[in-house]
>>> print(open('query.tsv').read())   # TSV, C-alpha atoms
chain	number	residue	atom	x	y	z
A	1	MET	CA	-106.90	51.18	168.59
A	2	LEU	CA	-103.45	51.54	170.19
A	3	PHE	CA	-102.08	53.78	167.43
A	4	THR	CA	-105.30	55.83	167.52
A	5	ILE	CA	-104.57	56.57	171.19
A	6	TYR	CA	-100.99	57.50	170.30
A	7	LYS	CA	-102.24	59.90	167.64
A	8	LYS	CA	-104.41	61.68	170.22
A	9	LEU	CA	-101.46	61.86	172.64
A	10	ILE	CA	-99.08	63.59	170.21
A	11	SER	CA	-100.44	67.10	170.65
A	12	PRO	CA	-100.66	67.16	174.49
A	13	VAL	CA	-97.24	65.46	174.85
A	14	ARG	CA	-95.73	68.04	172.48
A	15	LYS	CA	-97.25	70.80	174.61
A	16	ILE	CA	-95.78	69.24	177.76
A	17	GLU	CA	-92.35	69.18	176.14
A	18	GLN	CA	-92.67	72.81	175.03
A	19	LEU	CA	-93.69	73.89	178.54
A	20	THR	CA	-90.81	71.93	180.05
A	21	ILE	CA	-88.33	73.63	177.73
A	22	ALA	CA	-89.85	77.02	178.56
A	23	ILE	CA	-89.48	76.30	182.29
A	24	GLU	CA	-85.85	75.24	181.87
A	25	ASN	CA	-85.10	78.37	179.83
A	26	LYS	CA	-86.62	80.62	182.49
A	27	GLU	CA	-84.67	78.83	185.23
A	28	PHE	CA	-81.48	79.23	183.22
A	29	GLU	CA	-82.26	82.93	182.72
A	30	ILE	CA	-82.71	83.40	186.47
A	31	GLU	CA	-79.37	81.71	187.17
A	32	ALA	CA	-77.69	83.82	184.51
A	33	LYS	CA	-79.08	87.01	186.03
A	34	LYS	CA	-77.91	85.99	189.51
A	35	ALA	CA	-74.46	85.16	188.15
A	36	TYR	CA	-74.27	88.54	186.43
A	37	GLU	CA	-74.60	90.28	189.78
A	38	ASP	CA	-71.11	89.04	190.66
A	39	ASP	CA	-69.58	89.96	187.31
A	40	LYS	CA	-65.99	91.15	187.59
A	41	PRO	CA	-63.53	92.91	185.27
A	42	SER	CA	-61.74	90.56	182.89
A	43	PHE	CA	-57.97	90.19	182.63
A	44	LEU	CA	-57.96	92.02	179.29
A	45	GLU	CA	-59.85	94.94	180.84
A	46	TYR	CA	-57.17	95.23	183.49
A	47	ILE	CA	-54.44	95.11	180.82
A	48	GLY	CA	-56.16	97.78	178.73
A	49	ARG	CA	-56.73	99.98	181.78
A	50	PHE	CA	-53.08	99.47	182.83
A	51	PHE	CA	-51.71	100.88	179.58
A	52	ILE	CA	-54.13	103.81	179.79
A	53	SER	CA	-53.04	104.44	183.37
A	54	ILE	CA	-49.38	104.57	182.31
A	55	PHE	CA	-50.15	107.75	180.37
A	56	VAL	CA	-52.80	109.16	182.70
A	57	GLY	CA	-50.67	108.54	185.79
A	58	PHE	CA	-48.15	111.22	184.85
A	59	ILE	CA	-50.34	114.09	186.03
A	60	PRO	CA	-51.31	112.82	189.53
A	61	GLY	CA	-47.80	111.37	189.92
A	62	PHE	CA	-46.25	114.73	189.12
A	63	ILE	CA	-48.62	116.52	191.52
A	64	ILE	CA	-47.82	114.11	194.36
A	65	CYS	CA	-44.08	114.46	193.72
A	66	TRP	CA	-44.47	118.26	193.75
A	67	ILE	CA	-46.39	118.16	197.03
A	68	LEU	CA	-43.79	115.88	198.60
A	69	GLY	CA	-40.95	117.98	197.24
A	70	ILE	CA	-39.47	115.18	195.12
A	71	ASP	CA	-37.48	116.26	192.08
A	72	GLU	CA	-39.07	114.88	188.89
A	73	TYR	CA	-35.57	113.96	187.68
A	74	ASP	CA	-35.03	111.83	190.76
A	75	THR	CA	-36.28	108.73	188.98
A	76	GLU	CA	-35.64	106.37	191.89
A	77	HIS	CA	-37.96	108.21	194.27
A	78	ALA	CA	-40.35	109.40	191.56
A	79	SER	CA	-40.95	105.82	190.42
A	80	LEU	CA	-41.99	104.91	193.98
A	81	ILE	CA	-44.81	107.42	193.55
A	82	TYR	CA	-45.57	106.85	189.86
A	83	TRP	CA	-46.11	103.09	189.78
A	84	PRO	CA	-48.43	102.96	192.81
A	85	VAL	CA	-50.46	105.70	191.09
A	86	VAL	CA	-50.60	103.60	187.92
A	87	ILE	CA	-51.74	100.52	189.85
A	88	PHE	CA	-54.32	102.61	191.72
A	89	LEU	CA	-55.69	104.05	188.45
A	90	THR	CA	-55.80	100.55	186.96
A	91	ILE	CA	-57.72	98.77	189.71
A	92	VAL	CA	-59.91	101.30	191.52
A	93	PRO	CA	-61.90	102.73	188.53
A	94	LEU	CA	-62.82	99.22	187.35
A	95	LYS	CA	-63.79	98.13	190.86
A	96	ILE	CA	-66.01	101.19	191.30
A	97	LYS	CA	-67.54	100.74	187.84
A	98	TYR	CA	-68.51	97.12	188.42
A	99	ARG	CA	-69.67	97.73	192.00
A	100	ILE	CA	-72.09	100.43	190.82
A	101	SER	CA	-73.23	98.30	187.87
A	102	SER	CA	-73.75	95.23	190.08
A	103	GLY	CA	-75.71	97.26	192.62
A	104	LYS	CA	-78.10	98.61	189.99
A	105	THR	CA	-78.43	95.19	188.37
A	106	ARG	CA	-79.11	93.42	191.67
A	107	SER	CA	-81.78	95.94	192.61
A	108	ARG	CA	-83.52	95.63	189.24
A	109	TYR	CA	-83.41	91.84	189.24
A	110	ASN	CA	-84.59	91.44	192.83
A	111	ASN	CA	-87.40	93.96	192.50
A	112	HIS	CA	-88.69	93.05	189.08
A	113	ASP	CA	-86.98	90.62	186.73
A	114	ILE	CA	-86.50	87.54	188.92
A	115	PRO	CA	-89.98	87.60	190.56
A	116	MET	CA	-91.54	88.05	187.12
A	117	LEU	CA	-89.63	85.04	185.78
A	118	GLU	CA	-90.59	82.96	188.81
A	119	ASN	CA	-94.27	83.77	188.22
A	120	GLU	CA	-93.93	82.71	184.59
A	121	ILE	CA	-92.37	79.42	185.69
A	122	LYS	CA	-95.25	78.75	188.08
A	123	ASP	CA	-97.78	79.48	185.33
A	124	TYR	CA	-96.01	77.05	182.96
A	125	GLU	CA	-95.89	74.38	185.67
A	126	ASP	CA	-99.63	74.75	186.33
A	127	GLN	CA	-100.38	74.36	182.61
A	128	ARG	CA	-98.16	71.29	182.39
A	129	ASN	CA	-99.77	69.67	185.42
A	130	GLU	CA	-103.24	70.17	183.93
A	131	ILE	CA	-102.21	68.42	180.70
A	132	VAL	CA	-100.54	65.56	182.59
A	133	LEU	CA	-103.74	64.96	184.60
A	134	ALA	CA	-105.83	65.05	181.42
A	135	ILE	CA	-103.83	62.31	179.66
A	136	LYS	CA	-102.80	60.14	182.64
A	137	ASP	CA	-105.39	57.46	181.80
A	138	TYR	CA	-104.08	57.12	178.22
A	139	ILE	CA	-100.33	57.64	178.45
A	140	CYS	CA	-100.04	54.39	180.42
A	141	TYR	CA	-100.58	52.46	177.14
A	142	CYS	CA	-97.28	53.80	175.84
A	143	PRO	CA	-93.98	52.25	177.08
A	144	PRO	CA	-92.33	54.65	179.58
A	145	ALA	CA	-89.16	55.01	177.51
A	146	TYR	CA	-91.16	56.29	174.51
A	147	ARG	CA	-93.48	58.81	176.10
A	148	TYR	CA	-92.33	61.77	174.07
A	149	CYS	CA	-93.58	63.48	170.94
A	150	SER	CA	-91.04	62.30	168.36
A	151	ALA	CA	-91.49	58.63	169.32
A	152	LEU	CA	-95.29	58.82	169.27
A	153	SER	CA	-95.25	60.63	165.92
A	154	TYR	CA	-92.91	58.02	164.46
A	155	PHE	CA	-95.13	55.16	165.72
A	156	VAL	CA	-98.25	56.68	164.16
A	157	ASP	CA	-96.57	57.59	160.85
A	158	SER	CA	-95.06	54.12	160.53
A	159	TYR	CA	-98.42	52.49	161.17
A	160	LEU	CA	-100.29	54.75	158.75
A	161	ASN	CA	-97.67	54.12	156.05
A	162	THR	CA	-97.93	50.35	156.70
A	163	ARG	CA	-94.26	50.03	157.60
A	164	VAL	CA	-95.27	48.39	160.89
A	165	SER	CA	-98.31	46.47	162.04
A	166	ASN	CA	-97.83	46.35	165.82
A	167	LEU	CA	-96.12	48.13	168.69
A	168	GLN	CA	-93.16	45.76	168.82
A	169	GLU	CA	-92.24	46.48	165.20
A	170	ALA	CA	-92.77	50.20	165.75
A	171	VAL	CA	-90.40	50.22	168.72
A	172	ARG	CA	-87.74	48.26	166.83
A	173	THR	CA	-87.82	50.50	163.76
A	174	PHE	CA	-87.85	53.63	165.92
A	175	ASP	CA	-84.79	52.44	167.85
A	176	GLU	CA	-82.94	51.88	164.57
A	177	HIS	CA	-83.99	55.32	163.35
A	178	LYS	CA	-82.91	56.92	166.63
A	179	ARG	CA	-79.49	55.24	166.52
A	180	SER	CA	-78.85	56.62	163.05
A	181	GLN	CA	-79.99	60.08	164.15
A	182	ASP	CA	-77.74	59.94	167.21
A	183	MET	CA	-74.76	59.11	165.02
A	184	MET	CA	-75.52	62.06	162.75
A	185	ASN	CA	-75.90	64.38	165.74
A	186	ALA	CA	-72.60	63.15	167.19
A	187	MET	CA	-70.86	63.95	163.91
A	188	ARG	CA	-72.42	67.42	163.89
A	189	CYS	CA	-71.24	67.99	167.48
A	190	ILE	CA	-67.68	66.98	166.59
A	191	TYR	CA	-67.72	69.37	163.64
A	192	SER	CA	-69.11	72.15	165.85
A	193	VAL	CA	-66.38	71.58	168.47
A	194	LEU	CA	-63.70	71.75	165.79
A	195	GLU	CA	-65.18	75.01	164.49
A	196	ASP	CA	-65.25	76.44	168.05
A	197	ILE	CA	-61.59	75.48	168.56
A	198	LYS	CA	-60.68	77.18	165.30
A	199	ALA	CA	-62.60	80.34	166.25
A	200	GLU	CA	-60.99	80.38	169.71
A	201	GLN	CA	-57.52	80.13	168.16
A	202	ILE	CA	-58.34	83.11	165.94
A	203	ARG	CA	-59.55	85.16	168.96
A	204	THR	CA	-56.44	84.20	170.94
A	205	ASN	CA	-54.16	85.28	168.10
A	206	GLU	CA	-56.01	88.60	167.84
A	207	GLN	CA	-55.66	89.19	171.59
A	208	LEU	CA	-51.95	88.37	171.48
A	209	ALA	CA	-51.51	90.74	168.55
A	210	PHE	CA	-53.30	93.49	170.49
A	211	LEU	CA	-51.10	92.95	173.57
A	212	GLN	CA	-47.93	92.88	171.47
A	213	ALA	CA	-48.95	96.14	169.77
A	214	SER	CA	-49.66	97.76	173.16
A	215	VAL	CA	-46.30	96.64	174.55
A	216	TRP	CA	-44.51	97.86	171.42
A	217	GLU	CA	-46.27	101.25	171.67
A	218	ALA	CA	-45.35	101.59	175.35
A	219	ASN	CA	-41.69	100.68	174.67
A	220	PHE	CA	-41.56	103.12	171.76
A	221	LEU	CA	-42.91	106.01	173.86
A	222	PHE	CA	-40.67	105.31	176.83
>>> encode(input="query.tsv", output="structure tokens")
Amino acid sequence: MLFTIYKKLISPVRKIEQLTIAIENKEFEIEAKKAYEDDKPSFLEYIGRFFISIFVGFIPGFIICWILGIDEYDTEHASLIYWPVVIFLTIVPLKIKYRISSGKTRSRYNNHDIPMLENEIKDYEDQRNEIVLAIKDYICYCPPAYRYCSALSYFVDSYLNTRVSNLQEAVRTFDEHKRSQDMMNAMRCIYSVLEDIKAEQIRTNEQLAFLQASVWEANFLF
């Protein structure tokens, strides 16, 4: 009788878990959208823009020197004009670009995306609450620590395959199964972290190579 109840609980409990995951994903998406509103230029963008500004800055620097009557061969005074122009051309265009982008993004999110996601979350929560109310008189027969789909499925499968004959045996065998699965997952996580470290080292080396090439190019031209 007990395992028959568990079998009937598998489907609604699975649906509750799916709805919970959907709610968490929507909440994460909302937070990600809000965080994107404050997105700022990266350090590499500033570096790339700086080297571009070194070349572009000649024209406005020359014009300013001409207006102020500074001889272009007077490097000491010309550099006082040139480098502020380079810094201005490095920072201001990126600031304007991201300010415009953030303004458009914020308007779109506030007027459409975020309210739509919030409505979807409310709909998922209502569905989940209905299922919880429908099974509240039966879920109490399952130990609180095992009220999730994988545990219930394991209990029922073990009973049907005659590996267990009561709840106590089902819990014990499930705990052993879960420990072995946790060890496998931990090993996979360690392997994944090592792969991420390796990939990050490759990206760092590529970035350093790019910066070294840019510096070499600038030194060669000047």
>>> closest_residue(input="query.tsv", among="A:Phe51, A:Ser192, A:Tyr46, A:Ile114", to="Val92 of chain A", atoms="all atoms listed in the file")
A:Tyr46
>>> closest_residue(input="query.tsv", among="A:Phe28, A:Phe88, A:Tyr154, A:Tyr148", to="Arg14 of chain A", atoms="all atoms listed in the file")
A:Tyr148
>>> closest_residue(input="query.tsv", among="A:Pro115, A:Phe210, A:Lys26, A:Phe50", to="Val85 of chain A", atoms="all atoms listed in the file")
A:Phe50
>>> closest_residue(input="query.tsv", among="A:Asp182, A:Lys95, A:Thr204, A:Ile16", to="Asp126 of chain A", atoms="only C-alpha atoms")
A:Ile16
>>> residues_around(input="query.tsv", residues="Phe174 of chain A", least_positions_apart="2", cutoff="10 Å", atoms="all atoms listed in the file", output="list in words")
Tyr146, Ser150, Ala151, Leu152, Tyr154, Phe155, Ser158, Gln168, Glu169, Ala170, Val171, Arg172, Glu176, His177, Lys178, Arg179 and Ser180 of chain A
>>> atom_distance(input="query.tsv", atom1="atom CA of Glu24 of chain A", atom2="atom CA of Asn185 of chain A")
21.8 Å
>>> closest_residue(input="query.tsv", among="A:Pro12, A:Arg203, A:Pro84, A:Leu208", to="Leu133 of chain A", atoms="all atoms listed in the file")
A:Pro12
>>> residues_around(input="query.tsv", residues="Glu27 of chain A", least_positions_apart="6", cutoff="9 Å", atoms="only C-alpha atoms", output="MDAnalysis selection string")
chainID A and resid 117:118 121
>>> atom_distance(input="query.tsv", atom1="atom CA of Ala22 of chain A", atom2="atom CA of Glu120 of chain A")
9.2 Å
>>> atom_distance(input="query.tsv", atom1="atom CA of Ile96 of chain A", atom2="atom CA of Glu45 of chain A")
13.7 Å
>>> closest_residue(input="query.tsv", among="A:Met1, A:Cys149, A:Ile139, A:Ala134", to="Lys15 of chain A", atoms="all atoms listed in the file")
A:Cys149
